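See structure below.
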Amino acid sequence: MKLISWNVRGLGKDRTFREIKKILREHKPEIMFLCETKLRVQVMNKKAEALNFQQCFTVSSNGKGSVLAMMWSENVTIDIKSYSKHHIDAVAQSKVGSYWRCTSIYGQPKTDEKKHTWELIRRLLGLSSLLWLCFGDFNENLHLNEKIGGNDRKMKQLKDFREVIHASGLVDLGCKRYPFTWCNRRFFPHIVEERLDRAFYSKNWGSTFQELPVLHIETWSSDHYPIVMEVIERGKRVDYCKKSFPRAHYEDMWSLYEKYQEIVKKRWMEQCNWKSANVTELFVEAAKRLMADLTLWSSEEFGGREKKMKKLIKEL
């Protein structure tokens, strides 16, 4: 079973709707969670029907339109347990699968209100003993390396987020492809990118389900990227060759390729002003951006080769 979570920043635009249809054709999720749809409930229900979802649950905001929407197909049963303008909590079950808890989160964007998101997660923890998948736009980073550009997050903000995740017994699923999920859509040197959207599972999740990393999908119709999750019971087939981890790692073999040299040279040249007084800060910023560039290149360059190898093995 696949799930997609996306902060669409308005579903009324034709471009966004076309992009969602394209994503659905490619990934075929049974459950889709959307933040900031900015559509009235009746319009959102029609959109869900046009996307071939049989059910749609929306949370409205003072009559101004829906803030959240959870859509699902006939292949899954969803029982909504609680909701607010910042979450939808449900119990999910596929036709032949186990019950599990499906909680979508839309975190408070303002710094002084983030404590309400952490309190919400703490309250939700005690409401069920089912295996738990908690996902969405948390509007916060777990680690300093999950943001490049702009001012660094205050350590207290990261610490508060990590503490509530640890206290709730949740584990980050990790991610595949590009390491960030939000961009301010500015050009260098003003660009800022962050990992704000993610998924967690309860520590005992692996006893029943496979622990699969989240897939980030690059899009242009929103400043957020959709994330794709997959819920597969143990013993059932999965196409991933190995698990990816949330932190990128440098690979020695990269240096053997000419493209690697081009990427490094380009990034260092773009940083340019090495005579700046804050040269250490400039170096750290350049290193972060370079690592993001190399991770994306590696995924595109070597990920395709792995797929070709699998195909050749099957043909043999």
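Labels used: A, B, ... for chains in the order of the structure tokens, numbers from 1 for residues in each chain, and numbers from 1 for ligands as shown.
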Restrict the calculation to only C-alpha atoms, then for each residue of range 135-239 of chain A with any atom at most 6 Å from an atom of range 4-20 of chain A give the closest atom pair and their distance in Å to one decimal, rows by chain and rising residue number, as a Markdown table.
| residue | atom | partner | partner_atom | distance |
| --- | --- | --- | --- | --- |
| A:Gly136 | CA | A:Ser5 | CA | 5.8 |
| A:Ser221 | CA | A:Thr16 | CA | 5.3 |
| A:Ser222 | CA | A:Val8 | CA | 5.5 |
| A:His224 | CA | A:Asn7 | CA | 5.9 |
| A:Pro226 | CA | A:Trp6 | CA | 4.4 |
| A:Ile227 | CA | A:Ser5 | CA | 5.4 |
| A:Val228 | CA | A:Ile4 | CA | 4.6 |
- request: Give the strand (DSSP E or B) residues of range 120-153 of chain A, as DSSP finds them on the backbone, and put them as a ChimeraX atom specification.
  value: /A:132-137,147-148
If we count only C-alpha atoms, what is near Leu127 in chain A at a cut-off of 10 Å, once residues fewer than 6 positions away on the same chain are taken out, given as an mmCIF file with C-alpha atoms, in the first residue's frame?
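This went into around_11.cif:
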data_model
loop_
_atom_site.group_PDB
_atom_site.id
_atom_site.type_symbol
_atom_site.label_atom_id
_atom_site.label_comp_id
_atom_site.auth_asym_id
_atom_site.auth_seq_id
_atom_site.Cartn_x
_atom_site.Cartn_y
_atom_site.Cartn_z
ATOM 1 C CA LYS A 81 -10.617 8.800 14.953
ATOM 2 C CA SER A 82 -9.881 12.510 15.498
ATOM 3 C CA ASP A 89 -5.777 10.592 12.928
#
message: Using DSSP secondary structure from the backbone, list all helix (DSSP H, G or I) positions within range 87-227 of chain A, as an MDAnalysis selection string.
response: chainID A and resid 111:125 144:146 155:167 205:207
query: Could you pull the residues within 12 Å of Arg40 in chain A, counting only C-alpha atoms, minus those fewer than 3 positions along the same chain, as a ChimeraX atom specification?
result: /A:10-12,36-37,43-47,58-69
Write a file of the just-selected residues containing N, CA and C atoms, as a JSON list (two decimals), in the first residue's frame.
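Final file, result.json:
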[["chain", "number", "residue", "atom", "x", "y", "z"],
["A", 10, "GLY", "N", -2.45, 25.17, -2.19],
["A", 10, "GLY", "CA", -3.56, 25.56, -3.05],
["A", 10, "GLY", "C", -3.77, 24.58, -4.18],
["A", 11, "LEU", "N", -4.96, 23.93, -4.19],
["A", 11, "LEU", "CA", -5.26, 22.92, -5.21],
["A", 11, "LEU", "C", -6.13, 23.48, -6.33],
["A", 12, "GLY", "N", -6.46, 24.77, -6.27],
["A", 12, "GLY", "CA", -7.34, 25.35, -7.26],
["A", 12, "GLY", "C", -6.69, 25.61, -8.61],
["A", 36, "GLU", "N", -3.12, 22.51, 3.08],
["A", 36, "GLU", "CA", -3.37, 23.82, 2.47],
["A", 36, "GLU", "C", -4.02, 23.70, 1.09],
["A", 37, "THR", "N", -5.10, 22.93, 1.01],
["A", 37, "THR", "CA", -5.81, 22.78, -0.27],
["A", 37, "THR", "C", -6.50, 24.07, -0.68],
["A", 43, "VAL", "N", -16.03, 21.50, -3.25],
["A", 43, "VAL", "CA", -15.09, 21.51, -4.37],
["A", 43, "VAL", "C", -14.01, 20.46, -4.17],
["A", 44, "MET", "N", -13.52, 20.32, -2.92],
["A", 44, "MET", "CA", -12.49, 19.33, -2.62],
["A", 44, "MET", "C", -13.01, 17.92, -2.88],
["A", 45, "ASN", "N", -14.27, 17.67, -2.52],
["A", 45, "ASN", "CA", -14.86, 16.35, -2.77],
["A", 45, "ASN", "C", -14.93, 16.04, -4.26],
["A", 46, "LYS", "N", -15.25, 17.05, -5.06],
["A", 46, "LYS", "CA", -15.30, 16.85, -6.51],
["A", 46, "LYS", "C", -13.91, 16.59, -7.07],
["A", 47, "LYS", "N", -12.91, 17.28, -6.52],
["A", 47, "LYS", "CA", -11.53, 17.05, -6.96],
["A", 47, "LYS", "C", -11.11, 15.61, -6.65],
["A", 58, "THR", "N", -12.33, 15.96, 4.74],
["A", 58, "THR", "CA", -11.71, 17.28, 4.74],
["A", 58, "THR", "C", -11.89, 17.97, 6.09],
["A", 59, "VAL", "N", -10.94, 18.84, 6.39],
["A", 59, "VAL", "CA", -11.02, 19.67, 7.59],
["A", 59, "VAL", "C", -11.03, 21.11, 7.11],
["A", 60, "SER", "N", -12.10, 21.84, 7.41],
["A", 60, "SER", "CA", -12.24, 23.21, 6.93],
["A", 60, "SER", "C", -11.74, 24.22, 7.96],
["A", 61, "SER", "N", -11.56, 25.45, 7.51],
["A", 61, "SER", "CA", -11.04, 26.51, 8.37],
["A", 61, "SER", "C", -11.99, 27.70, 8.35],
["A", 62, "ASN", "N", -12.90, 27.73, 9.30],
["A", 62, "ASN", "CA", -13.80, 28.87, 9.47],
["A", 62, "ASN", "C", -14.53, 29.26, 8.18],
["A", 63, "GLY", "N", -14.89, 28.26, 7.41],
["A", 63, "GLY", "CA", -15.65, 28.51, 6.19],
["A", 63, "GLY", "C", -14.85, 29.06, 5.03],
["A", 64, "LYS", "N", -13.53, 29.23, 5.21],
["A", 64, "LYS", "CA", -12.70, 29.81, 4.16],
["A", 64, "LYS", "C", -12.17, 28.77, 3.18],
["A", 65, "GLY", "N", -12.46, 27.51, 3.45],
["A", 65, "GLY", "CA", -11.95, 26.46, 2.59],
["A", 65, "GLY", "C", -11.26, 25.40, 3.43],
["A", 66, "SER", "N", -10.98, 24.26, 2.80],
["A", 66, "SER", "CA", -10.38, 23.16, 3.55],
["A", 66, "SER", "C", -8.89, 23.40, 3.76],
["A", 67, "VAL", "N", -8.44, 23.04, 4.94],
["A", 67, "VAL", "CA", -7.02, 23.13, 5.27],
["A", 67, "VAL", "C", -6.35, 21.80, 4.96],
["A", 68, "LEU", "N", -7.01, 20.72, 5.36],
["A", 68, "LEU", "CA", -6.48, 19.37, 5.19],
["A", 68, "LEU", "C", -7.48, 18.50, 4.45],
["A", 69, "ALA", "N", -6.96, 17.51, 3.74],
["A", 69, "ALA", "CA", -7.83, 16.54, 3.08],
["A", 69, "ALA", "C", -7.12, 15.19, 3.05]]
May I have a table of the residues of range 124-150 of chain A lying at most 7 Å from range 198-213 of chain A, giving each one's closest pair of atoms and their distance in Å to one decimal, counting only C-alpha atoms, ordered by chain and ascending residue number, as JSON lines?
{"residue": "A:Leu131", "atom": "CA", "partner": "A:Trp205", "partner_atom": "CA", "distance": 5.6}
{"residue": "A:Trp132", "atom": "CA", "partner": "A:Ser202", "partner_atom": "CA", "distance": 5.2}
{"residue": "A:Leu133", "atom": "CA", "partner": "A:Tyr201", "partner_atom": "CA", "distance": 4.6}
{"residue": "A:Cys134", "atom": "CA", "partner": "A:Phe200", "partner_atom": "CA", "distance": 5.2}
{"residue": "A:Phe135", "atom": "CA", "partner": "A:Ala199", "partner_atom": "CA", "distance": 4.0}
{"residue": "A:Gly136", "atom": "CA", "partner": "A:Arg198", "partner_atom": "CA", "distance": 5.9}
{"residue": "A:Asp137", "atom": "CA", "partner": "A:Arg198", "partner_atom": "CA", "distance": 6.8}
message: I'd like the neighbourhood of Thr77 in chain A as a ChimeraX atom specification, where a residue qualifies if any of its atoms comes within 12 Å (using only C-alpha atoms), though same-chain residues fewer than 6 positions away should be ignored.
response: /A:1,30-31,54-56,71,90-102
I need the chosen residues saved as a JSON list (two decimals), in the first residue's frame, with N, CA and C atoms.
[["chain", "number", "residue", "atom", "x", "y", "z"],
["A", 1, "MET", "N", 0.83, -1.19, 0.00],
["A", 1, "MET", "CA", 0.00, 0.00, 0.00],
["A", 1, "MET", "C", 0.87, 1.25, 0.00],
["A", 30, "GLU", "N", -2.88, 4.42, -2.49],
["A", 30, "GLU", "CA", -4.23, 4.13, -1.99],
["A", 30, "GLU", "C", -4.73, 5.22, -1.05],
["A", 31, "ILE", "N", -3.78, 5.97, -0.45],
["A", 31, "ILE", "CA", -4.12, 7.06, 0.47],
["A", 31, "ILE", "C", -3.32, 8.30, 0.08],
["A", 54, "GLN", "N", -12.37, 7.12, -3.94],
["A", 54, "GLN", "CA", -13.77, 6.87, -3.59],
["A", 54, "GLN", "C", -14.22, 7.60, -2.33],
["A", 55, "GLN", "N", -13.26, 7.95, -1.46],
["A", 55, "GLN", "CA", -13.60, 8.62, -0.21],
["A", 55, "GLN", "C", -12.70, 9.83, 0.00],
["A", 56, "CYS", "N", -13.27, 10.86, 0.66],
["A", 56, "CYS", "CA", -12.49, 12.06, 0.96],
["A", 56, "CYS", "C", -12.98, 12.66, 2.27],
["A", 71, "MET", "N", -7.69, 11.49, 1.25],
["A", 71, "MET", "CA", -8.46, 10.75, 0.25],
["A", 71, "MET", "C", -7.97, 9.31, 0.22],
["A", 90, "ALA", "N", -6.29, 8.39, 12.02],
["A", 90, "ALA", "CA", -7.19, 7.35, 11.54],
["A", 90, "ALA", "C", -6.59, 5.97, 11.76],
["A", 91, "VAL", "N", -7.44, 4.95, 11.64],
["A", 91, "VAL", "CA", -7.00, 3.56, 11.61],
["A", 91, "VAL", "C", -7.19, 3.06, 10.19],
["A", 92, "ALA", "N", -6.14, 2.45, 9.63],
["A", 92, "ALA", "CA", -6.19, 2.00, 8.24],
["A", 92, "ALA", "C", -6.05, 0.49, 8.16],
["A", 93, "GLN", "N", -6.63, -0.08, 7.10],
["A", 93, "GLN", "CA", -6.49, -1.52, 6.83],
["A", 93, "GLN", "C", -6.72, -1.77, 5.35],
["A", 94, "SER", "N", -5.80, -2.51, 4.74],
["A", 94, "SER", "CA", -6.02, -2.94, 3.37],
["A", 94, "SER", "C", -6.98, -4.13, 3.39],
["A", 95, "LYS", "N", -7.43, -4.56, 2.23],
["A", 95, "LYS", "CA", -8.43, -5.64, 2.17],
["A", 95, "LYS", "C", -7.93, -6.93, 2.78],
["A", 96, "VAL", "N", -6.63, -7.19, 2.68],
["A", 96, "VAL", "CA", -6.09, -8.44, 3.19],
["A", 96, "VAL", "C", -4.95, -8.20, 4.19],
["A", 97, "GLY", "N", -4.92, -7.01, 4.78],
["A", 97, "GLY", "CA", -3.80, -6.66, 5.64],
["A", 97, "GLY", "C", -4.17, -6.43, 7.09],
["A", 98, "SER", "N", -3.17, -6.03, 7.87],
["A", 98, "SER", "CA", -3.34, -5.75, 9.29],
["A", 98, "SER", "C", -3.83, -4.33, 9.51],
["A", 99, "TYR", "N", -4.35, -4.08, 10.70],
["A", 99, "TYR", "CA", -4.74, -2.73, 11.09],
["A", 99, "TYR", "C", -3.48, -1.97, 11.52],
["A", 100, "TRP", "N", -3.43, -0.69, 11.22],
["A", 100, "TRP", "CA", -2.35, 0.16, 11.68],
["A", 100, "TRP", "C", -2.85, 1.59, 11.77],
["A", 101, "ARG", "N", -2.12, 2.39, 12.50],
["A", 101, "ARG", "CA", -2.54, 3.77, 12.76],
["A", 101, "ARG", "C", -1.90, 4.71, 11.74],
["A", 102, "CYS", "N", -2.72, 5.57, 11.17],
["A", 102, "CYS", "CA", -2.31, 6.46, 10.09],
["A", 102, "CYS", "C", -2.61, 7.90, 10.53]]
